[in-house]
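Pasting protein-v7.cif here (mmCIF, C-alpha atoms and all ligand atoms):
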data_coords
#
loop_
_atom_site.label_atom_id
_atom_site.label_comp_id
_atom_site.auth_asym_id
_atom_site.auth_seq_id
_atom_site.Cartn_x
_atom_site.Cartn_y
_atom_site.Cartn_z
CA MET A 771 27.32 28.66 6.58
CA ASN A 772 29.40 26.70 9.06
CA ALA A 773 31.72 24.63 6.87
CA ARG A 774 31.03 21.46 8.80
CA VAL A 775 27.30 21.86 8.33
CA LYS A 776 27.93 22.30 4.63
CA GLN A 777 30.20 19.27 4.58
CA TRP A 778 27.93 16.90 6.43
CA VAL A 779 24.29 17.85 6.02
CA ARG A 780 23.04 16.44 2.72
CA PRO A 781 22.63 19.10 0.01
CA GLU A 782 18.98 18.17 -0.62
CA ILE A 783 18.23 18.85 3.05
CA ARG A 784 20.09 22.18 3.05
CA GLU A 785 18.00 23.22 0.06
CA LEU A 786 14.69 22.54 1.81
CA HIS A 787 12.58 25.06 3.68
CA ALA A 788 11.09 23.79 6.93
CA TYR A 789 7.31 23.34 6.84
CA HIS A 790 5.97 26.78 7.70
CA VAL A 791 3.10 27.21 10.14
CA PRO A 792 1.94 30.86 10.30
CA ASN A 793 1.18 32.53 13.61
CA SER A 794 -2.59 32.55 14.04
CA HIS A 795 -2.83 34.30 17.40
CA GLY A 796 -6.02 36.33 17.66
CA LEU A 797 -7.23 35.34 14.18
CA ILE A 798 -10.22 33.30 13.00
CA LYS A 799 -8.33 30.22 11.90
CA LEU A 800 -9.54 28.89 8.55
CA ASP A 801 -6.17 27.80 7.16
CA ALA A 802 -5.47 24.25 8.33
CA MET A 803 -8.56 22.08 7.81
CA GLU A 804 -9.27 21.81 11.50
CA ASN A 805 -12.74 20.98 12.81
CA PRO A 806 -13.95 24.25 14.42
CA TYR A 807 -16.04 22.60 17.15
CA GLN A 808 -15.08 21.72 20.70
CA TRP A 809 -16.69 18.92 22.67
CA PRO A 810 -19.86 19.32 24.72
CA HIS A 811 -19.00 20.15 28.35
CA GLU A 812 -20.12 16.79 29.84
CA LEU A 813 -17.97 14.94 27.35
CA THR A 814 -14.90 16.99 28.27
CA GLN A 815 -15.44 16.12 31.93
CA SER A 816 -15.60 12.37 31.37
CA TRP A 817 -12.63 12.57 29.01
CA LEU A 818 -10.59 14.25 31.74
CA ASP A 819 -11.55 11.48 34.17
CA ARG A 820 -10.29 8.92 31.66
CA VAL A 821 -7.05 10.83 31.12
CA ALA A 822 -6.53 11.08 34.89
CA SER A 823 -6.47 7.27 35.08
CA VAL A 824 -3.34 7.02 32.91
CA SER A 825 -0.12 5.87 34.58
CA ILE A 826 2.02 8.59 33.11
CA ASN A 827 5.14 7.15 34.81
CA ARG A 828 4.90 4.08 32.55
CA TYR A 829 5.64 3.73 28.87
CA PRO A 830 2.56 3.51 26.68
CA ASP A 831 1.25 0.18 25.40
CA PRO A 832 3.68 -0.32 22.49
CA GLY A 833 1.04 -2.16 20.46
CA ALA A 834 -1.82 0.22 21.39
CA VAL A 835 -3.99 -2.89 21.44
CA ALA A 836 -7.15 -1.36 22.91
CA LEU A 837 -7.03 1.65 20.59
CA LYS A 838 -6.47 -0.51 17.52
CA ARG A 839 -9.44 -2.68 18.41
CA CYS A 840 -11.54 0.45 18.74
CA ILE A 841 -10.35 1.84 15.38
CA ARG A 842 -11.18 -1.46 13.66
CA ASP A 843 -14.75 -1.38 14.97
CA VAL A 844 -15.51 2.27 14.44
CA MET A 845 -13.76 2.77 11.09
CA GLY A 846 -14.84 -0.54 9.56
CA VAL A 847 -11.40 -1.94 8.78
CA PRO A 848 -11.99 -5.20 6.87
CA ALA A 849 -11.36 -8.44 8.75
CA GLY A 850 -7.99 -9.81 7.71
CA ALA A 851 -6.43 -6.40 7.17
CA ASP A 852 -3.69 -5.26 9.54
CA ILE A 853 -3.42 -1.76 10.93
CA MET A 854 -0.42 0.33 11.95
CA LEU A 855 -0.64 3.56 13.92
CA GLY A 856 1.40 6.69 13.33
CA ASN A 857 2.02 9.96 15.12
CA GLY A 858 -0.21 11.65 12.58
CA SER A 859 -0.38 10.24 9.07
CA ASP A 860 2.70 12.34 8.34
CA GLU A 861 4.69 9.82 10.34
CA ILE A 862 3.17 6.96 8.36
CA ILE A 863 4.25 8.58 5.09
CA GLN A 864 7.75 8.80 6.56
CA ILE A 865 7.73 5.15 7.67
CA ILE A 866 6.63 3.97 4.22
CA ALA A 867 9.32 6.08 2.53
CA MET A 868 12.02 4.80 4.89
CA ALA A 869 11.02 1.22 4.14
CA VAL A 870 11.43 1.60 0.37
CA SER A 871 14.13 4.27 0.13
CA GLY A 872 17.37 3.80 -1.76
CA PRO A 873 19.53 5.74 -4.21
CA SER A 874 17.62 4.61 -7.30
CA ARG A 875 14.18 4.59 -5.67
CA SER A 876 11.44 7.12 -6.28
CA ILE A 877 8.04 8.30 -5.14
CA LEU A 878 5.43 9.53 -7.61
CA ALA A 879 2.31 11.63 -7.09
CA PRO A 880 0.07 13.91 -9.10
CA GLU A 881 0.62 17.66 -8.77
CA PRO A 882 -0.65 19.73 -7.02
CA THR A 883 -1.13 17.51 -4.00
CA PHE A 884 -0.18 17.20 -0.32
CA VAL A 885 3.31 18.70 0.07
CA MET A 886 4.58 16.17 2.59
CA TYR A 887 4.94 13.43 -0.05
CA ARG A 888 7.60 15.49 -1.79
CA MET A 889 9.26 16.69 1.41
CA ILE A 890 9.49 13.23 2.93
CA ALA A 891 10.91 11.81 -0.32
CA ALA A 892 13.70 14.39 0.08
CA PHE A 893 14.20 13.53 3.78
CA CYS A 894 14.71 9.91 2.78
CA GLY A 895 17.07 10.67 -0.12
CA MET A 896 14.55 9.56 -2.77
CA HIS A 897 13.63 11.05 -6.13
CA PHE A 898 10.18 12.55 -6.43
CA HIS A 899 8.24 12.59 -9.70
CA SER A 900 5.10 14.62 -10.14
CA VAL A 901 2.52 14.44 -12.90
CA PRO A 902 0.29 17.49 -13.46
CA LEU A 903 -3.42 17.04 -12.88
CA LYS A 904 -5.78 18.20 -15.64
CA SER A 905 -7.20 21.72 -15.48
CA ASP A 906 -10.24 20.48 -13.54
CA PHE A 907 -7.84 18.75 -11.08
CA SER A 908 -8.83 15.29 -12.31
CA LEU A 909 -6.12 12.67 -12.86
CA ASP A 910 -4.37 12.66 -16.20
CA VAL A 911 -4.37 8.87 -16.32
CA THR A 912 -2.43 8.58 -19.58
CA ALA A 913 0.34 10.83 -18.27
CA MET A 914 0.32 9.05 -14.90
CA LEU A 915 0.65 5.61 -16.52
CA GLU A 916 3.44 6.81 -18.81
CA ALA A 917 5.35 8.29 -15.87
CA ILE A 918 4.82 5.15 -13.79
CA GLU A 919 6.08 2.98 -16.66
CA ARG A 920 9.11 5.22 -17.18
CA GLU A 921 10.11 5.89 -13.57
CA GLN A 922 9.03 2.63 -11.90
CA PRO A 923 8.26 4.38 -8.59
CA ALA A 924 8.42 2.35 -5.39
CA VAL A 925 5.36 4.21 -4.11
CA VAL A 926 2.53 6.21 -5.68
CA PHE A 927 0.61 8.52 -3.34
CA LEU A 928 -2.99 9.44 -4.18
CA SER A 929 -4.79 11.84 -1.87
CA TYR A 930 -8.45 10.71 -2.10
CA PRO A 931 -9.97 13.37 -1.97
CA ASN A 932 -7.04 15.54 -2.99
CA ASN A 933 -5.52 18.33 -0.92
CA PRO A 934 -5.33 21.25 -1.91
CA SER A 935 -7.90 20.95 -4.76
CA GLY A 936 -10.65 19.30 -2.68
CA ASN A 937 -11.97 16.97 -5.40
CA LEU A 938 -12.31 13.21 -5.35
CA PHE A 939 -10.49 11.52 -8.25
CA SER A 940 -12.52 9.16 -10.41
CA ARG A 941 -12.58 5.72 -8.83
CA THR A 942 -12.01 3.98 -12.18
CA ASP A 943 -8.93 6.16 -12.80
CA VAL A 944 -7.52 5.19 -9.42
CA GLU A 945 -8.25 1.51 -10.05
CA ARG A 946 -6.42 1.67 -13.36
CA ILE A 947 -3.39 3.22 -11.72
CA ILE A 948 -3.44 0.53 -9.03
CA ARG A 949 -3.58 -2.27 -11.63
CA GLU A 950 -0.78 -0.83 -13.74
CA THR A 951 1.62 0.10 -10.94
CA ASP A 952 4.26 -2.39 -9.90
CA GLY A 953 5.01 -0.52 -6.66
CA LEU A 954 2.80 0.27 -3.69
CA VAL A 955 -0.17 2.62 -4.09
CA VAL A 956 -1.02 4.55 -0.93
CA ILE A 957 -4.57 5.90 -0.88
CA ASP A 958 -4.48 8.84 1.53
CA GLU A 959 -8.00 9.28 2.91
CA ALA A 960 -7.33 12.17 5.30
CA TYR A 961 -10.72 13.66 4.29
CA HIS A 962 -12.80 10.46 4.21
CA ALA A 963 -15.26 11.89 6.77
CA PHE A 964 -16.35 14.50 4.22
CA ALA A 965 -16.18 12.35 1.10
CA GLU A 966 -18.57 10.04 -0.68
CA ASP A 967 -16.17 7.23 -1.45
CA SER A 968 -13.37 5.17 0.10
CA PHE A 969 -11.01 2.32 -0.73
CA LEU A 970 -10.87 0.98 2.83
CA SER A 971 -13.19 -1.97 2.21
CA ASP A 972 -11.23 -2.86 -0.97
CA VAL A 973 -7.81 -2.74 0.61
CA LEU A 974 -7.27 -6.51 0.37
CA LYS A 975 -8.53 -6.79 -3.21
CA TYR A 976 -5.10 -5.79 -4.53
CA ASP A 977 -1.67 -6.83 -3.31
CA ASN A 978 -0.21 -3.34 -3.82
CA VAL A 979 -2.65 -1.07 -1.99
CA VAL A 980 -2.75 0.38 1.51
CA VAL A 981 -5.21 2.96 2.84
CA MET A 982 -4.11 5.74 5.18
CA ARG A 983 -6.40 7.77 7.41
CA THR A 984 -6.04 10.33 10.17
CA VAL A 985 -8.26 11.58 12.96
CA SER A 986 -6.90 15.12 12.45
CA LYS A 987 -9.45 16.48 10.00
CA MET A 988 -12.46 14.86 11.72
CA GLY A 989 -11.78 16.83 14.90
CA LEU A 990 -8.73 15.50 16.75
CA ALA A 991 -5.82 17.32 15.14
CA GLY A 992 -4.19 17.90 18.53
CA LEU A 993 -3.85 14.19 19.27
CA ARG A 994 -1.57 13.36 16.33
CA LEU A 995 -2.96 10.00 15.27
CA GLY A 996 -3.13 8.36 11.89
CA PHE A 997 -3.47 4.76 10.80
CA LEU A 998 -2.57 2.60 7.87
CA ALA A 999 -4.68 -0.39 6.84
CA GLY A 1000 -3.56 -3.13 4.49
CA SER A 1001 -2.28 -6.64 4.12
CA SER A 1002 0.10 -7.91 6.77
CA ASP A 1003 2.69 -8.58 4.03
CA TRP A 1004 3.33 -4.83 3.81
CA LEU A 1005 2.48 -3.83 7.36
CA VAL A 1006 4.79 -6.33 9.07
CA GLU A 1007 7.71 -4.65 7.29
CA PHE A 1008 6.55 -1.11 8.10
CA GLU A 1009 6.05 -2.07 11.77
CA LYS A 1010 9.78 -2.77 12.03
CA ILE A 1011 10.53 0.89 11.35
CA ARG A 1012 7.85 2.36 13.61
CA LEU A 1013 9.46 3.63 16.83
CA PRO A 1014 8.24 1.52 19.77
CA TYR A 1015 6.27 4.18 21.65
CA ASN A 1016 5.21 6.50 18.84
CA ILE A 1017 1.63 6.81 20.14
CA ASN A 1018 1.77 8.31 23.62
CA SER A 1019 -0.51 7.17 26.45
CA LEU A 1020 -2.61 10.34 26.46
CA THR A 1021 -3.29 10.02 22.75
CA GLN A 1022 -4.16 6.34 23.14
CA VAL A 1023 -6.78 6.86 25.85
CA SER A 1024 -8.09 10.09 24.37
CA ALA A 1025 -8.57 8.65 20.89
CA GLU A 1026 -10.24 5.58 22.34
CA PHE A 1027 -12.57 7.79 24.34
CA ALA A 1028 -13.34 9.96 21.32
CA LEU A 1029 -14.07 7.00 19.07
CA GLU A 1030 -16.51 5.65 21.67
CA HIS A 1031 -18.38 8.90 21.05
CA GLN A 1032 -18.07 8.82 17.28
CA SER A 1033 -21.66 10.06 16.89
CA VAL A 1034 -20.55 13.48 18.20
CA PHE A 1035 -17.99 13.74 15.39
CA ASP A 1036 -20.42 12.40 12.82
CA ALA A 1037 -22.85 15.17 13.73
CA GLN A 1038 -20.07 17.75 13.46
CA THR A 1039 -18.86 16.51 10.07
CA GLN A 1040 -22.44 16.51 8.76
CA GLN A 1041 -22.81 20.09 9.91
CA ILE A 1042 -19.53 20.98 8.19
CA CYS A 1043 -20.73 19.36 4.95
CA ARG A 1044 -23.97 21.36 5.07
CA ASP A 1045 -22.03 24.56 5.70
CA ARG A 1046 -19.63 23.69 2.88
CA LYS A 1047 -22.61 23.58 0.55
CA GLU A 1048 -23.73 27.02 1.70
CA LEU A 1049 -20.26 28.53 1.43
CA MET A 1050 -19.80 26.96 -2.01
CA LYS A 1051 -23.05 28.56 -3.15
CA ALA A 1052 -22.04 31.94 -1.74
CA LEU A 1053 -18.63 31.83 -3.44
CA SER A 1054 -20.15 30.74 -6.78
CA GLN A 1055 -22.50 33.73 -6.67
CA ARG A 1056 -19.58 36.14 -6.65
CA GLU A 1057 -18.72 37.03 -10.20
CA ASP A 1058 -14.98 37.40 -9.68
CA LEU A 1059 -14.50 34.06 -7.96
CA HIS A 1060 -14.21 30.51 -9.19
CA PRO A 1061 -14.59 27.88 -6.45
CA TYR A 1062 -13.71 24.24 -7.20
CA PRO A 1063 -16.00 21.35 -6.16
CA SER A 1064 -15.07 19.90 -2.78
CA GLN A 1065 -15.51 16.60 -0.96
CA THR A 1066 -13.41 17.84 1.94
CA ASN A 1067 -13.76 20.39 4.75
CA PHE A 1068 -12.18 23.17 2.66
CA ILE A 1069 -12.80 24.99 -0.61
CA LEU A 1070 -10.15 26.04 -3.11
CA PHE A 1071 -11.13 29.11 -5.11
CA LYS A 1072 -9.60 31.22 -7.84
CA VAL A 1073 -9.55 35.01 -7.56
CA PRO A 1074 -8.89 37.61 -10.30
CA GLU A 1075 -5.43 37.36 -11.81
CA GLY A 1076 -2.68 38.80 -9.64
CA SER A 1077 -4.94 39.54 -6.65
CA ALA A 1078 -4.44 36.49 -4.39
CA ALA A 1079 -1.83 38.07 -2.10
CA ARG A 1080 -3.78 41.31 -1.72
CA ILE A 1081 -7.00 39.49 -0.88
CA PHE A 1082 -5.17 37.21 1.54
CA ASP A 1083 -3.54 40.21 3.29
CA SER A 1084 -6.79 42.14 3.43
CA LEU A 1085 -8.55 39.16 5.06
CA LYS A 1086 -5.73 38.86 7.55
CA ARG A 1087 -6.00 42.54 8.49
CA ASP A 1088 -9.69 41.83 9.17
CA GLY A 1089 -8.74 38.99 11.49
CA ILE A 1090 -9.20 36.01 9.16
CA LEU A 1091 -6.46 33.55 8.33
CA ILE A 1092 -6.89 31.37 5.24
CA LYS A 1093 -4.20 29.86 3.01
CA ASN A 1094 -2.66 31.53 0.00
CA MET A 1095 -1.80 28.76 -2.49
CA SER A 1096 -0.88 31.13 -5.29
CA ALA A 1097 2.88 31.09 -4.77
CA ALA A 1098 2.96 27.40 -5.75
CA GLY A 1099 2.15 28.61 -9.27
CA GLY A 1100 0.89 26.40 -12.08
CA MET A 1101 -2.73 25.48 -11.56
CA LEU A 1102 -2.67 27.03 -8.10
CA ALA A 1103 -1.78 30.49 -9.37
CA ASP A 1104 -4.39 32.98 -8.09
CA CYS A 1105 -5.87 30.34 -5.76
CA LEU A 1106 -6.80 30.66 -2.11
CA ARG A 1107 -7.99 27.85 0.18
CA VAL A 1108 -10.46 28.31 2.99
CA THR A 1109 -11.37 25.75 5.65
CA ILE A 1110 -15.07 25.44 6.54
CA GLY A 1111 -15.54 26.97 10.00
CA LYS A 1112 -18.51 27.62 12.22
CA LYS A 1113 -21.41 29.50 10.61
CA SER A 1114 -20.34 32.76 12.27
CA GLU A 1115 -16.75 32.29 11.06
CA ASN A 1116 -17.87 31.57 7.50
CA SER A 1117 -20.00 34.73 7.48
CA ALA A 1118 -17.13 36.79 8.86
CA PHE A 1119 -14.94 35.36 6.10
CA LEU A 1120 -17.48 36.22 3.38
CA LYS A 1121 -17.93 39.73 4.71
CA ALA A 1122 -14.18 40.35 4.78
CA LEU A 1123 -13.84 38.79 1.34
CA ASP A 1124 -16.48 41.10 -0.13
CA LYS A 1125 -14.69 44.05 1.40
CA ALA A 1126 -11.37 42.90 -0.12
CA LEU A 1127 -12.97 42.45 -3.55
CA ALA A 1128 -14.56 45.89 -3.34
CA GLU A 1129 -11.22 47.47 -2.37
CA MET A 1130 -9.61 45.86 -5.38
CA ALA A 1131 -12.34 47.06 -7.71
CA SER A 1132 -12.00 50.61 -6.39
CA VAL A 1133 -8.22 50.72 -6.98
CA GLY A 1134 -8.74 49.35 -10.46
CA GLY A 1135 -7.89 45.69 -9.84
C1 LIG B 1 -3.66 16.92 6.68
C2 LIG B 1 -3.25 15.83 5.76
C3 LIG B 1 -2.45 14.76 6.20
C4 LIG B 1 -1.75 14.76 7.52
O1 LIG B 1 -2.49 14.45 8.56
P1 LIG B 1 -1.90 14.24 10.02
O2 LIG B 1 -2.51 12.96 10.44
O3 LIG B 1 -2.38 15.41 10.79
O4 LIG B 1 -0.40 14.15 9.96
C5 LIG B 1 -2.18 13.73 5.32
N1 LIG B 1 -2.64 13.76 4.06
C6 LIG B 1 -3.37 14.77 3.59
C7 LIG B 1 -3.83 14.75 2.19
C8 LIG B 1 -3.69 15.85 4.43
O5 LIG B 1 -4.39 16.89 3.94
#
Structure re-expressed in structure tokens:
Amino acid sequence: MNARVKQWVRPEIRELHAYHVPNSHGLIKLDAMENPYQWPHELTQSWLDRVASVSINRYPDPGAVALKRCIRDVMGVPAGADIMLGNGSDEIIQIIAMAVSGPSRSILAPEPTFVMYRMIAAFCGMHFHSVPLKSDFSLDVTAMLEAIEREQPAVVFLSYPNNPSGNLFSRTDVERIIRETDGLVVIDEAYHAFAEDSFLSDVLKYDNVVVMRTVSKMGLAGLRLGFLAGSSDWLVEFEKIRLPYNINSLTQVSAEFALEHQSVFDAQTQQICRDRKELMKALSQREDLHPYPSQTNFILFKVPEGSAARIFDSLKRDGILIKNMSAAGGMLADCLRVTIGKKSENSAFLKALDKALAEMASVGG
């Protein structure tokens, strides 16, 4: 390594691996929790008209006033709560971490969970503490409270529902963690559209809670837009770190347009939930597989010991890209994660999966 790089780039950054996005060209893409549906043709046309009206020579509205108003209405942000927008909720995680970071500061989250909490803690020079979930992926509240007491984290992240397990933590468990944490608790509701519960309407009940959402999983992953809702006490501070024009003009008008047609996305997410139920049933019927309950647009499932990589590769050869979680080890050993696609994509996945399982059986596992 170039000696100057070694001298100046922080060791914890040199140790990291950049977030890897696999090449999906030509494959049925069931790896990244995207909504598989495009917009109806008429909608695309009127969206393009709206986009054409943007003065691209000008900076975007730094406050994204119109878009924020629209988000408040459509998402039901409680009156009195502030909102802050991010270039994806990833950016919001980064802003929160930057606001609290310091040499003796830490972030805490259960494990396994969304990998960006840990990565961003490292970017910001913070310690990261993780507390294993129980074997059914529920919160180990006793262990969480002990770790929170011991480590005094500045921020606790709870993915509600959790990625990559797909389950919704018990609400009472989350409430207990909120009450017994001195720092900020961020409820990450990236999958709220597919879940049966939310903390958004309770966000002002506590003085240490903010709720984060994104439009990515509901069907607008390409826009890069997330928002944080909470009391202005917290959000005024986070706003100072947000770069002035983080939400570009095309995203602002496109998201506004999309939210005016929320019913289209609602219909799509309902379809995805119905198809999730079907896929869950199909996976449960296969003797060798153990799928975990999901309140998201993906299903985590366990395959026979030591076979995750072979099944993943076999699916890929058949043109289907899912996510192999097995390398993370621990509770994710032998686990694969599949995003709910269109009906035809789900059937293609099942067919390829059956073929992979049969291949394994014929070579003796
Ligand atoms: C996908 C995901 C995000 C990131 O969403 P973006 O808005 O696309 O950056 C955040 N949290 C969880 C739990 C996710 O699964």
Scan for residues within 9 Å of the point (-13.5, 37.1, 5.2) in the coordinates of the file, using only C-alpha atoms, and reply as a list in words.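 Protein and nucleic acid residues near the point are Ser1084, Leu1085, Lys1086, Asp1088, Gly1089, Ile1090, Leu1091, Ile1092, Glu1115, Asn1116, Ser1117, Ala1118, Phe1119, Leu1120, Lys1121, Ala1122, Leu1123, Asp1124, Lys1125 and Ala1126 of chain A.
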Mind running chain A against ligand LIG 1 (chain B) at 8 Å and telling me each contacting residue's nearest atom pair with the distance in Å (one decimal), counting only C-alpha atoms and all ligand atoms, chain and number ascending, as CSV?
residue,atom,partner,partner_atom,distance
A:Ala802,CA,B:LIG1,C1,7.7
A:Met803,CA,B:LIG1,C1,7.2
A:Gly856,CA,B:LIG1,O2,7.9
A:Asn857,CA,B:LIG1,O4,7.1
A:Gly858,CA,B:LIG1,O2,3.4
A:Ser859,CA,B:LIG1,O2,3.7
A:Asp860,CA,B:LIG1,O4,3.9
A:Glu861,CA,B:LIG1,O4,6.7
A:Thr883,CA,B:LIG1,C7,7.3
A:Phe884,CA,B:LIG1,C7,5.1
A:Met886,CA,B:LIG1,C5,7.7
A:Ser929,CA,B:LIG1,C7,5.1
A:Tyr930,CA,B:LIG1,C7,7.5
A:Pro931,CA,B:LIG1,C7,7.5
A:Asn932,CA,B:LIG1,C7,6.1
A:Asn933,CA,B:LIG1,C7,5.0
A:Pro934,CA,B:LIG1,O5,7.4
A:Asp958,CA,B:LIG1,N1,5.8
A:Glu959,CA,B:LIG1,C7,6.9
A:Ala960,CA,B:LIG1,C6,5.0
A:Tyr961,CA,B:LIG1,O5,7.1
A:Arg983,CA,B:LIG1,O2,7.2
A:Thr984,CA,B:LIG1,O2,4.4
A:Val985,CA,B:LIG1,O2,6.4
A:Ser986,CA,B:LIG1,O3,4.8
A:Lys987,CA,B:LIG1,C1,6.7
A:Ala991,CA,B:LIG1,O3,5.9
A:Arg994,CA,B:LIG1,O3,6.0
A:Leu995,CA,B:LIG1,O2,5.7
A:Gly996,CA,B:LIG1,O2,4.9
Can you spit out the residues from that selection as a compact mmCIF listing (two decimals), in the frame of the given file, using C-alpha atoms?
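The result, written out as selection_36.txt:
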# COMPACT_ATOMS: atom_id res chain seq x y z
CA ALA A 802 -5.47 24.25 8.33
CA MET A 803 -8.56 22.08 7.81
CA GLY A 856 1.40 6.69 13.33
CA ASN A 857 2.02 9.96 15.12
CA GLY A 858 -0.21 11.65 12.58
CA SER A 859 -0.38 10.24 9.07
CA ASP A 860 2.70 12.34 8.34
CA GLU A 861 4.69 9.82 10.34
CA THR A 883 -1.13 17.51 -4.00
CA PHE A 884 -0.18 17.20 -0.32
CA MET A 886 4.58 16.17 2.59
CA SER A 929 -4.79 11.84 -1.87
CA TYR A 930 -8.45 10.71 -2.10
CA PRO A 931 -9.97 13.37 -1.97
CA ASN A 932 -7.04 15.54 -2.99
CA ASN A 933 -5.52 18.33 -0.92
CA PRO A 934 -5.33 21.25 -1.91
CA ASP A 958 -4.48 8.84 1.53
CA GLU A 959 -8.00 9.28 2.91
CA ALA A 960 -7.33 12.17 5.30
CA TYR A 961 -10.72 13.66 4.29
CA ARG A 983 -6.40 7.77 7.41
CA THR A 984 -6.04 10.33 10.17
CA VAL A 985 -8.26 11.58 12.96
CA SER A 986 -6.90 15.12 12.45
CA LYS A 987 -9.45 16.48 10.00
CA ALA A 991 -5.82 17.32 15.14
CA ARG A 994 -1.57 13.36 16.33
CA LEU A 995 -2.96 10.00 15.27
CA GLY A 996 -3.13 8.36 11.89
Polymer residues at most 6 Å from Ser1002 in chain A, only C-alpha atoms, same-chain spacing of 3 or more positions, as an mmCIF file with C-alpha atoms, in the coordinates of the input:
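The result, written out as selection.cif:
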data_model
loop_
_atom_site.group_PDB
_atom_site.id
_atom_site.type_symbol
_atom_site.label_atom_id
_atom_site.label_comp_id
_atom_site.auth_asym_id
_atom_site.auth_seq_id
_atom_site.Cartn_x
_atom_site.Cartn_y
_atom_site.Cartn_z
ATOM 1 C CA ASP A 852 -3.690 -5.260 9.540
ATOM 2 C CA LEU A 1005 2.480 -3.830 7.360
ATOM 3 C CA VAL A 1006 4.790 -6.330 9.070
#
Residue nearest Ile862 in chain A among A:Met771, A:Ser1114, A:Thr912, A:Met982 (counting only C-alpha atoms):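 Closest to Ile862 in chain A of all the choices is A:Met982.
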Go through A:Ile1110, A:Leu1070, A:Ala913, A:Leu837 one by one, measure the shortest atom-to-atom distance of each to Leu1049 in chain A using only C-alpha atoms, and give the residue with the smallest value.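 Among the listed residues, A:Ile1110 lies closest to Leu1049 in chain A.
Every protein, DNA or RNA residue with an atom at most 8 Å from Arg875 in chain A, where all atoms listed in the file count and chain neighbours fewer than 3 positions away do not, is listed here: Val870, Ser871, Gly872, Met896, His897, Pro923 and Ala924 of chain A.
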With all atoms of range 915-928 of chain A from the file as input, state the centre and edge lengths in Å to one decimal of the axis-aligned box that has 4 Å extra on each side, as JSON.
{"center_x": 3.6, "center_y": 5.9, "center_z": -11.1, "size_x": 21.1, "size_y": 15.1, "size_z": 23.5}
Quick one: residues within 9 Å of Gln1038 in chain A, only C-alpha atoms, excluding same-chain residues fewer than 5 positions away - as an NGL selection string? :A and (805-807 or 988-989 or 1033 or 1043)
To one decimal place, how far is CA of Ile826 in chain A from CA of Leu1020 in chain A in Å?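 So the answer is 8.3 Å.
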Atomic distance CA of Leu938 in chain A - CA of Val901 in chain A, expressed in Å with one decimal: 16.7 Å
Residues within 10 Å of Glu1030 in chain A, only C-alpha atoms, excluding chain neighbours under 6 positions, as a PyMOL selection string: chain A and resi 840-841+843-844+1024
